[in-house]
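Engineer: Provided herewith: query.pdb, PDB, C-alpha atoms, pLDDT in the B column.
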ATOM      1  CA  MET A 181    -202.918  22.067 -91.483  1.00 51.00           C
ATOM      2  CA  ARG A 182    -200.489  21.042 -88.738  1.00 54.00           C
ATOM      3  CA  ARG A 183    -200.937  22.374 -85.232  1.00 61.00           C
ATOM      4  CA  HIS A 184    -197.784  24.527 -85.264  1.00 62.00           C
ATOM      5  CA  HIS A 185    -198.980  26.194 -88.468  1.00 68.00           C
ATOM      6  CA  ARG A 186    -202.214  27.195 -86.714  1.00 80.00           C
ATOM      7  CA  LEU A 187    -200.405  28.681 -83.714  1.00 84.00           C
ATOM      8  CA  PRO A 188    -199.623  32.084 -85.340  1.00 89.00           C
ATOM      9  CA  ILE A 189    -203.324  32.459 -86.194  1.00 90.00           C
ATOM     10  CA  ASP A 190    -204.336  31.632 -82.617  1.00 90.00           C
ATOM     11  CA  ILE A 191    -201.812  34.101 -81.188  1.00 91.00           C
ATOM     12  CA  ALA A 192    -202.940  36.829 -83.606  1.00 93.00           C
ATOM     13  CA  MET A 193    -206.569  36.219 -82.593  1.00 93.00           C
ATOM     14  CA  TYR A 194    -205.766  36.533 -78.902  1.00 93.00           C
ATOM     15  CA  LEU A 195    -203.680  39.705 -79.360  1.00 93.00           C
ATOM     16  CA  CYS A 196    -206.422  41.322 -81.459  1.00 92.00           C
ATOM     17  CA  PHE A 197    -209.027  40.400 -78.859  1.00 92.00           C
ATOM     18  CA  LEU A 198    -206.747  41.694 -76.100  1.00 91.00           C
ATOM     19  CA  TYR A 199    -206.445  45.090 -77.811  1.00 90.00           C
ATOM     20  CA  LEU A 200    -210.175  45.302 -78.536  1.00 89.00           C
ATOM     21  CA  MET A 201    -211.143  44.435 -74.956  1.00 87.00           C
ATOM     22  CA  ASN A 202    -208.808  47.145 -73.674  1.00 84.00           C
ATOM     23  CA  TYR A 203    -210.704  49.874 -75.555  1.00 77.00           C
ATOM     24  CA  HIS A 204    -211.309  53.097 -73.601  1.00 70.00           C
ATOM     25  CA  LEU A 205    -213.563  56.042 -74.408  1.00 58.00           C
ATOM     26  CA  GLY A 206    -211.693  58.680 -76.385  1.00 57.00           C
ATOM     27  CA  GLN A 207    -209.223  56.143 -77.748  1.00 67.00           C
ATOM     28  CA  GLY A 208    -210.608  56.354 -81.280  1.00 73.00           C
ATOM     29  CA  LEU A 209    -212.605  53.776 -83.184  1.00 79.00           C
ATOM     30  CA  LEU A 210    -210.824  53.444 -86.531  1.00 83.00           C
ATOM     31  CA  LEU A 211    -208.117  51.008 -85.392  1.00 86.00           C
ATOM     32  CA  HIS A 212    -210.717  49.302 -83.199  1.00 85.00           C
ATOM     33  CA  GLY A 213    -212.884  48.728 -86.257  1.00 86.00           C
ATOM     34  CA  ILE A 214    -210.010  47.543 -88.455  1.00 89.00           C
ATOM     35  CA  LEU A 215    -208.751  45.072 -85.869  1.00 91.00           C
ATOM     36  CA  GLY A 216    -212.329  43.964 -85.255  1.00 90.00           C
ATOM     37  CA  ILE A 217    -212.659  43.056 -88.932  1.00 91.00           C
ATOM     38  CA  LEU A 218    -209.313  41.250 -88.764  1.00 94.00           C
ATOM     39  CA  LEU A 219    -210.463  39.315 -85.685  1.00 93.00           C
ATOM     40  CA  ILE A 220    -213.698  38.252 -87.402  1.00 92.00           C
ATOM     41  CA  ALA A 221    -211.721  37.067 -90.430  1.00 93.00           C
ATOM     42  CA  LEU A 222    -209.291  35.136 -88.208  1.00 93.00           C
ATOM     43  CA  PHE A 223    -212.206  33.634 -86.284  1.00 92.00           C
ATOM     44  CA  PHE A 224    -213.794  32.246 -89.436  1.00 91.00           C
ATOM     45  CA  TRP A 225    -210.432  31.025 -90.764  1.00 92.00           C
ATOM     46  CA  HIS A 226    -209.706  29.353 -87.418  1.00 91.00           C
ATOM     47  CA  ASN A 227    -213.014  27.504 -87.681  1.00 90.00           C
ATOM     48  CA  VAL A 228    -212.294  26.454 -91.261  1.00 90.00           C
ATOM     49  CA  LEU A 229    -208.937  25.005 -90.192  1.00 88.00           C
ATOM     50  CA  ASN A 230    -210.610  23.154 -87.302  1.00 86.00           C
ATOM     51  CA  ARG A 231    -213.673  21.960 -89.226  1.00 86.00           C
ATOM     52  CA  ARG A 232    -212.880  18.350 -88.281  1.00 86.00           C
ATOM     53  CA  TRP A 233    -213.864  19.201 -84.726  1.00 85.00           C
ATOM     54  CA  TYR A 234    -217.426  19.909 -85.868  1.00 85.00           C
ATOM     55  CA  LYS A 235    -217.547  16.527 -87.612  1.00 82.00           C
ATOM     56  CA  SER A 236    -216.396  14.848 -84.390  1.00 83.00           C
ATOM     57  CA  LEU A 237    -219.458  16.169 -82.524  1.00 81.00           C
ATOM     58  CA  VAL A 238    -221.620  13.376 -83.924  1.00 77.00           C
ATOM     59  CA  ARG A 239    -219.088  10.616 -83.242  1.00 79.00           C
ATOM     60  CA  GLY A 240    -219.893   8.865 -79.997  1.00 75.00           C
ATOM     61  CA  ARG A 241    -220.169  10.182 -76.451  1.00 78.00           C
ATOM     62  CA  LYS A 242    -217.759  12.775 -75.132  1.00 77.00           C
ATOM     63  CA  HIS A 243    -215.906  12.499 -71.832  1.00 79.00           C
ATOM     64  CA  GLY A 244    -213.496  14.607 -69.842  1.00 82.00           C
ATOM     65  CA  VAL A 245    -211.707  17.384 -71.688  1.00 83.00           C
ATOM     66  CA  ALA A 246    -213.428  16.495 -74.978  1.00 85.00           C
ATOM     67  CA  LEU A 247    -216.802  17.141 -73.339  1.00 88.00           C
ATOM     68  CA  ALA A 248    -215.489  20.296 -71.656  1.00 89.00           C
ATOM     69  CA  LEU A 249    -214.328  21.612 -75.030  1.00 89.00           C
ATOM     70  CA  CYS A 250    -217.813  21.046 -76.455  1.00 90.00           C
ATOM     71  CA  VAL A 251    -219.404  22.873 -73.521  1.00 91.00           C
ATOM     72  CA  THR A 252    -216.938  25.737 -74.034  1.00 93.00           C
ATOM     73  CA  ASN A 253    -216.747  25.916 -77.810  1.00 92.00           C
ATOM     74  CA  LEU A 254    -220.416  25.878 -78.771  1.00 92.00           C
ATOM     75  CA  PRO A 255    -221.343  28.928 -76.622  1.00 94.00           C
ATOM     76  CA  LEU A 256    -218.107  30.551 -77.798  1.00 95.00           C
ATOM     77  CA  VAL A 257    -219.189  30.256 -81.428  1.00 93.00           C
ATOM     78  CA  VAL A 258    -222.566  31.798 -80.529  1.00 94.00           C
ATOM     79  CA  ALA A 259    -220.885  34.656 -78.637  1.00 94.00           C
ATOM     80  CA  CYS A 260    -218.492  35.361 -81.516  1.00 92.00           C
ATOM     81  CA  LEU A 261    -221.372  35.381 -83.997  1.00 93.00           C
ATOM     82  CA  GLY A 262    -223.195  37.782 -81.685  1.00 92.00           C
ATOM     83  CA  ALA A 263    -220.146  40.038 -81.550  1.00 90.00           C
ATOM     84  CA  THR A 264    -219.921  39.905 -85.346  1.00 90.00           C
ATOM     85  CA  VAL A 265    -223.589  40.831 -85.860  1.00 89.00           C
ATOM     86  CA  SER A 266    -223.417  43.646 -83.299  1.00 87.00           C
ATOM     87  CA  SER A 267    -220.204  44.921 -84.922  1.00 87.00           C
ATOM     88  CA  VAL A 268    -222.031  45.224 -88.245  1.00 85.00           C
ATOM     89  CA  LEU A 269    -224.877  47.086 -86.528  1.00 84.00           C
ATOM     90  CA  LEU A 270    -222.330  49.525 -85.042  1.00 82.00           C
ATOM     91  CA  SER A 271    -220.228  49.881 -88.204  1.00 80.00           C
ATOM     92  CA  GLY A 272    -221.656  53.322 -88.996  1.00 77.00           C
ATOM     93  CA  ASP A 273    -219.950  54.671 -85.849  1.00 71.00           C
ATOM     94  CA  VAL A 274    -216.584  53.758 -87.338  1.00 73.00           C
ATOM     95  CA  PHE A 275    -216.794  53.770 -91.124  1.00 74.00           C
ATOM     96  CA  SER A 276    -218.459  56.620 -92.997  1.00 69.00           C
ATOM     97  CA  PHE A 277    -219.509  54.340 -95.867  1.00 72.00           C
ATOM     98  CA  SER A 278    -221.768  52.284 -93.570  1.00 73.00           C
ATOM     99  CA  PRO A 279    -225.400  53.451 -93.343  1.00 74.00           C
ATOM    100  CA  LEU A 280    -225.879  51.648 -90.011  1.00 71.00           C
ATOM    101  CA  VAL A 281    -225.833  53.889 -86.950  1.00 72.00           C
ATOM    102  CA  GLY A 282    -225.458  52.080 -83.645  1.00 69.00           C
ATOM    103  CA  SER A 283    -228.223  52.219 -81.061  1.00 76.00           C
ATOM    104  CA  ALA A 284    -227.862  51.875 -77.290  1.00 78.00           C
ATOM    105  CA  SER A 285    -229.238  48.327 -77.421  1.00 83.00           C
ATOM    106  CA  ALA A 286    -226.723  47.392 -80.150  1.00 81.00           C
ATOM    107  CA  ARG A 287    -223.873  48.737 -78.013  1.00 84.00           C
ATOM    108  CA  THR A 288    -225.098  46.762 -75.002  1.00 86.00           C
ATOM    109  CA  PHE A 289    -225.413  43.624 -77.133  1.00 88.00           C
ATOM    110  CA  HIS A 290    -221.898  44.167 -78.489  1.00 88.00           C
ATOM    111  CA  ALA A 291    -220.342  44.748 -75.067  1.00 86.00           C
ATOM    112  CA  THR A 292    -222.090  41.716 -73.576  1.00 89.00           C
ATOM    113  CA  SER A 293    -221.295  39.313 -76.429  1.00 92.00           C
ATOM    114  CA  THR A 294    -217.638  40.368 -76.509  1.00 91.00           C
ATOM    115  CA  ALA A 295    -217.289  40.014 -72.720  1.00 90.00           C
ATOM    116  CA  VAL A 296    -218.807  36.519 -72.812  1.00 92.00           C
ATOM    117  CA  GLY A 297    -216.701  35.673 -75.872  1.00 93.00           C
ATOM    118  CA  PHE A 298    -213.453  36.783 -74.243  1.00 93.00           C
ATOM    119  CA  ILE A 299    -214.149  34.783 -71.074  1.00 93.00           C
ATOM    120  CA  LEU A 300    -214.877  31.697 -73.179  1.00 94.00           C
ATOM    121  CA  VAL A 301    -211.767  32.326 -75.320  1.00 94.00           C
ATOM    122  CA  MET A 302    -209.663  32.250 -72.157  1.00 94.00           C
ATOM    123  CA  ILE A 303    -211.308  29.013 -71.012  1.00 95.00           C
ATOM    124  CA  HIS A 304    -210.885  27.533 -74.513  1.00 94.00           C
ATOM    125  CA  THR A 305    -207.211  28.520 -74.422  1.00 93.00           C
ATOM    126  CA  GLY A 306    -206.868  26.934 -71.007  1.00 93.00           C
ATOM    127  CA  TRP A 307    -208.066  23.510 -72.177  1.00 92.00           C
ATOM    128  CA  HIS A 308    -205.445  23.534 -74.936  1.00 90.00           C
ATOM    129  CA  VAL A 309    -202.654  24.921 -72.749  1.00 91.00           C
ATOM    130  CA  ALA A 310    -203.284  22.528 -69.838  1.00 91.00           C
ATOM    131  CA  PRO A 311    -201.133  19.648 -71.243  1.00 90.00           C
ATOM    132  CA  HIS A 312    -198.225  22.047 -71.774  1.00 90.00           C
ATOM    133  CA  LEU A 313    -198.579  23.386 -68.222  1.00 90.00           C
ATOM    134  CA  ASP A 314    -198.528  19.785 -66.969  1.00 90.00           C
ATOM    135  CA  LYS A 315    -195.239  19.155 -68.792  1.00 91.00           C
ATOM    136  CA  LEU A 316    -193.763  22.398 -67.465  1.00 91.00           C
ATOM    137  CA  GLN A 317    -194.792  21.520 -63.930  1.00 89.00           C
ATOM    138  CA  LEU A 318    -193.169  18.083 -64.182  1.00 90.00           C
ATOM    139  CA  LYS A 319    -189.895  19.658 -65.319  1.00 91.00           C
ATOM    140  CA  VAL A 320    -189.956  22.307 -62.592  1.00 91.00           C
ATOM    141  CA  ASP A 321    -190.884  19.768 -59.900  1.00 88.00           C
ATOM    142  CA  ALA A 322    -187.685  17.900 -60.771  1.00 88.00           C
ATOM    143  CA  SER A 323    -185.587  21.054 -60.302  1.00 90.00           C
ATOM    144  CA  ILE A 324    -184.554  23.280 -57.417  1.00 92.00           C
ATOM    145  CA  PHE A 325    -187.171  25.861 -58.463  1.00 89.00           C
ATOM    146  CA  ARG A 326    -190.109  23.692 -57.397  1.00 90.00           C
ATOM    147  CA  HIS A 327    -191.180  25.723 -54.357  1.00 92.00           C
ATOM    148  CA  ALA A 328    -190.623  29.074 -56.084  1.00 92.00           C
ATOM    149  CA  TYR A 329    -192.756  27.910 -59.014  1.00 90.00           C
ATOM    150  CA  ARG A 330    -195.567  26.761 -56.730  1.00 91.00           C
ATOM    151  CA  LEU A 331    -195.502  30.106 -54.876  1.00 94.00           C
ATOM    152  CA  ILE A 332    -195.576  32.150 -58.098  1.00 93.00           C
ATOM    153  CA  ASP A 333    -198.264  29.850 -59.469  1.00 92.00           C
ATOM    154  CA  ALA A 334    -200.484  30.430 -56.425  1.00 94.00           C
ATOM    155  CA  LEU A 335    -199.906  34.206 -56.434  1.00 95.00           C
ATOM    156  CA  VAL A 336    -200.757  34.507 -60.133  1.00 94.00           C
ATOM    157  CA  LEU A 337    -203.907  32.423 -59.619  1.00 94.00           C
ATOM    158  CA  LEU A 338    -205.122  34.492 -56.673  1.00 95.00           C
ATOM    159  CA  LEU A 339    -204.281  37.818 -58.307  1.00 94.00           C
ATOM    160  CA  GLY A 340    -205.858  36.787 -61.603  1.00 94.00           C
ATOM    161  CA  LEU A 341    -209.080  35.688 -59.891  1.00 93.00           C
ATOM    162  CA  TYR A 342    -209.220  38.947 -57.923  1.00 90.00           C
ATOM    163  CA  LEU A 343    -208.738  40.972 -61.108  1.00 90.00           C
ATOM    164  CA  LEU A 344    -211.446  38.916 -62.817  1.00 89.00           C
ATOM    165  CA  ALA A 345    -213.875  39.523 -59.944  1.00 85.00           C
ATOM    166  CA  THR A 346    -213.246  43.284 -60.084  1.00 85.00           C
ATOM    167  CA  SER A 347    -213.070  43.628 -63.868  1.00 84.00           C
ATOM    168  CA  PRO A 348    -215.836  44.837 -66.223  1.00 81.00           C
ATOM    169  CA  LEU A 349    -216.006  41.288 -67.651  1.00 81.00           C
ATOM    170  CA  LEU A 350    -218.133  40.028 -64.765  1.00 78.00           C
ATOM    171  CA  ALA A 351    -219.633  43.360 -63.711  1.00 70.00           C
ATOM    172  CA  ARG A 352    -222.288  42.969 -66.418  1.00 65.00           C
ATOM    173  CA  PHE A 353    -223.553  39.719 -64.945  1.00 67.00           C
ATOM    174  CA  LEU A 354    -222.703  39.575 -61.235  1.00 63.00           C
ATOM    175  CA  PRO A 355    -223.143  42.245 -58.566  1.00 58.00           C
ATOM    176  CA  SER A 356    -219.890  42.626 -56.676  1.00 55.00           C
ATOM    177  CA  GLY A 357    -219.030  44.415 -53.479  1.00 51.00           C
ATOM    178  CA  LEU A 358    -215.410  44.618 -54.572  1.00 55.00           C
ATOM    179  CA  PRO A 359    -214.082  47.918 -55.918  1.00 55.00           C
ATOM    180  CA  SER A 360    -213.939  47.922 -59.711  1.00 60.00           C
ATOM    181  CA  HIS A 361    -210.893  48.973 -61.701  1.00 62.00           C
ATOM    182  CA  ALA A 362    -210.069  50.054 -65.231  1.00 64.00           C
ATOM    183  CA  PRO A 363    -208.772  47.062 -67.209  1.00 73.00           C
ATOM    184  CA  SER A 364    -205.335  46.968 -68.810  1.00 83.00           C
ATOM    185  CA  TYR A 365    -203.351  44.587 -70.995  1.00 87.00           C
ATOM    186  CA  LEU A 366    -201.570  43.236 -67.914  1.00 90.00           C
ATOM    187  CA  THR A 367    -204.921  42.729 -66.171  1.00 90.00           C
ATOM    188  CA  TYR A 368    -206.275  40.576 -68.990  1.00 91.00           C
ATOM    189  CA  LEU A 369    -203.007  38.642 -69.286  1.00 93.00           C
ATOM    190  CA  LEU A 370    -203.072  37.792 -65.579  1.00 93.00           C
ATOM    191  CA  ILE A 371    -206.744  36.800 -65.792  1.00 94.00           C
ATOM    192  CA  THR A 372    -205.913  34.567 -68.767  1.00 95.00           C
ATOM    193  CA  LEU A 373    -203.095  32.893 -66.847  1.00 94.00           C
ATOM    194  CA  ALA A 374    -205.366  32.324 -63.838  1.00 95.00           C
ATOM    195  CA  ILE A 375    -208.089  30.759 -65.983  1.00 95.00           C
ATOM    196  CA  CYS A 376    -205.483  28.557 -67.678  1.00 94.00           C
ATOM    197  CA  GLN A 377    -204.389  27.374 -64.239  1.00 94.00           C
ATOM    198  CA  LEU A 378    -207.989  26.584 -63.283  1.00 94.00           C
ATOM    199  CA  THR A 379    -208.556  24.577 -66.449  1.00 94.00           C
ATOM    200  CA  GLN A 380    -205.305  22.716 -65.807  1.00 92.00           C
ATOM    201  CA  LEU A 381    -206.569  21.745 -62.340  1.00 91.00           C
ATOM    202  CA  ALA A 382    -209.954  20.745 -63.796  1.00 91.00           C
ATOM    203  CA  SER A 383    -208.223  18.686 -66.480  1.00 90.00           C
ATOM    204  CA  LYS A 384    -206.222  16.810 -63.833  1.00 87.00           C
ATOM    205  CA  GLN A 385    -209.372  16.059 -61.857  1.00 86.00           C
ATOM    206  CA  MET A 386    -211.087  14.714 -64.978  1.00 85.00           C
ATOM    207  CA  ARG A 387    -208.178  12.397 -65.717  1.00 80.00           C
ATOM    208  CA  ARG A 388    -208.151  11.121 -62.131  1.00 78.00           C
ATOM    209  CA  ARG A 389    -211.860  10.379 -62.251  1.00 76.00           C
ATOM    210  CA  ARG A 390    -211.472   8.550 -65.543  1.00 70.00           C
ATOM    211  CA  THR A 391    -208.625   6.391 -64.200  1.00 70.00           C
ATOM    212  CA  SER A 392    -210.497   5.627 -60.976  1.00 65.00           C
ATOM    213  CA  ILE A 393    -213.592   4.324 -62.811  1.00 58.00           C
TER     214      ILE A 393
END
Output the structure of this file as structure tokens.
Structural biologist:
Amino acid sequence: MRRHHRLPIDIAMYLCFLYLMNYHLGQGLLLHGILGILLIALFFWHNVLNRRWYKSLVRGRKHGVALALCVTNLPLVVACLGATVSSVLLSGDVFSFSPLVGSASARTFHATSTAVGFILVMIHTGWHVAPHLDKLQLKVDASIFRHAYRLIDALVLLLGLYLLATSPLLARFLPSGLPSHAPSYLTYLLITLAICQLTQLASKQMRRRRTSI
């Protein structure tokens, strides 16, 4: 399937994940469960459409972005499988027909695997978006909006990294002296943009190292 045919699936996956990560106590679990099932289905379909990537793993050594994608994607698959398994274990909390009643350990496993998965999804997105950000930057650099773009770019990066440091995503793994905050859709969007900017910078550095060798 051509890349532009896969794009709606990728966007739907991200939007589903965005809604699920923004869950708050008292919000209700039915829609959360339904969209969780949809996300799992989209995840498996996404992997079916990109099955050639798995075949490429055994073809020669990987360098640069290709290696970075491997380092990102393999843990991402594990995290998504963990989120899927933990979702099944918690299904009795959402659907009355399920005999499985979630335990505290299952909830912790689910929260951890989804947090890791979402961080890796953002990094994965960044590697694919980096070439498009490069093209956008070239166009803007040739216009009168160059300095405004660089300023906005820096502000979004700094704000996104601050929101990441104070979000529940990292609170599970890193002690932070920064005040925490309740996440929102805008929070996760800004974090995603910041991570995309970081992967763009990393991608540029990889290309420079390859050309200098």
Engineer: Could you work out how far CA of Ala284 (chain A) lies from CA of Leu219 (chain A), giving the answer in Å with one decimal?
Structural biologist: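 If I compute the distance from CA of Leu219 (chain A) to CA of Ala284 (chain A), I get 23.0 Å.
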Engineer: Have a look at CA of Arg390 (chain A) and CA of Gly244 (chain A) and let me know their distance in Å, one decimal.
Structural biologist: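 Straight-line distance from CA of Arg390 (chain A) to CA of Gly244 (chain A) works out to 7.7 Å.
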Engineer: To one decimal place, how far is CA of Leu366 (chain A) from CA of Asp273 (chain A) in Å?
Structural biologist: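 Pair CA of Leu366 (chain A) / CA of Asp273 (chain A) returns 28.1 Å.
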Engineer: May I ask which of the residues A:Ser271, A:Tyr368, A:His308, A:Leu200 is the closest one to Ala345 (chain A), counting only C-alpha atoms?
Structural biologist: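 When distances to Ala345 (chain A) are compared using only C-alpha atoms, the smallest one comes from A:Tyr368.
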Engineer: Go through the shown structure with the PyMOL selection byres ((chain A and resi 269) around 12) and write out the matching residues as an NGL selection string.
Structural biologist: :A and (262-268 or 270-275 or 278-290)
Engineer: Apply the PyMOL selection byres ((chain A and resi 252) around 12) to the file shown and report the selected residues as a PyMOL selection string.
Structural biologist: chain A and resi 245-251+253-259+296-308+379
Engineer: Nearest residue to Arg186 (chain A) out of A:Ala334, A:Val238, A:Ala221, A:Leu229, using only C-alpha atoms?
Structural biologist: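 Answer, going by the shortest atom-to-atom distance: A:Leu229.
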Engineer: Considering all atoms listed in the file, state which residue in the set A:Leu381, A:Leu210, A:Thr391, A:Pro348 is at the smallest distance from Thr294 (chain A).
Structural biologist: A:Pro348
Engineer: Which residues fall under the PyMOL selection byres ((chain A and resi 365) around 12) in this file, as JSON, numbers by chain?
Structural biologist: {"A": [194, 195, 196, 197, 198, 199, 200, 201, 202, 203, 204, 343, 362, 363, 364, 366, 367, 368, 369, 370, 371, 372]}
Engineer: Counting all atoms listed in the file, find residues at most 12 Å from (-200.5, 17.3, -69.1) (file frame) and give them as a PyMOL selection string.
Structural biologist: chain A and resi 245+306-319+377+379-387
Engineer: Please provide as a PyMOL selection string all residues within 12 Å of Phe224 (chain A), with the sequence filter that same-chain residues fewer than 2 positions apart are discarded (counting only C-alpha atoms).
Structural biologist: chain A and resi 189-190+193+217-222+226-231+257+260-261+264
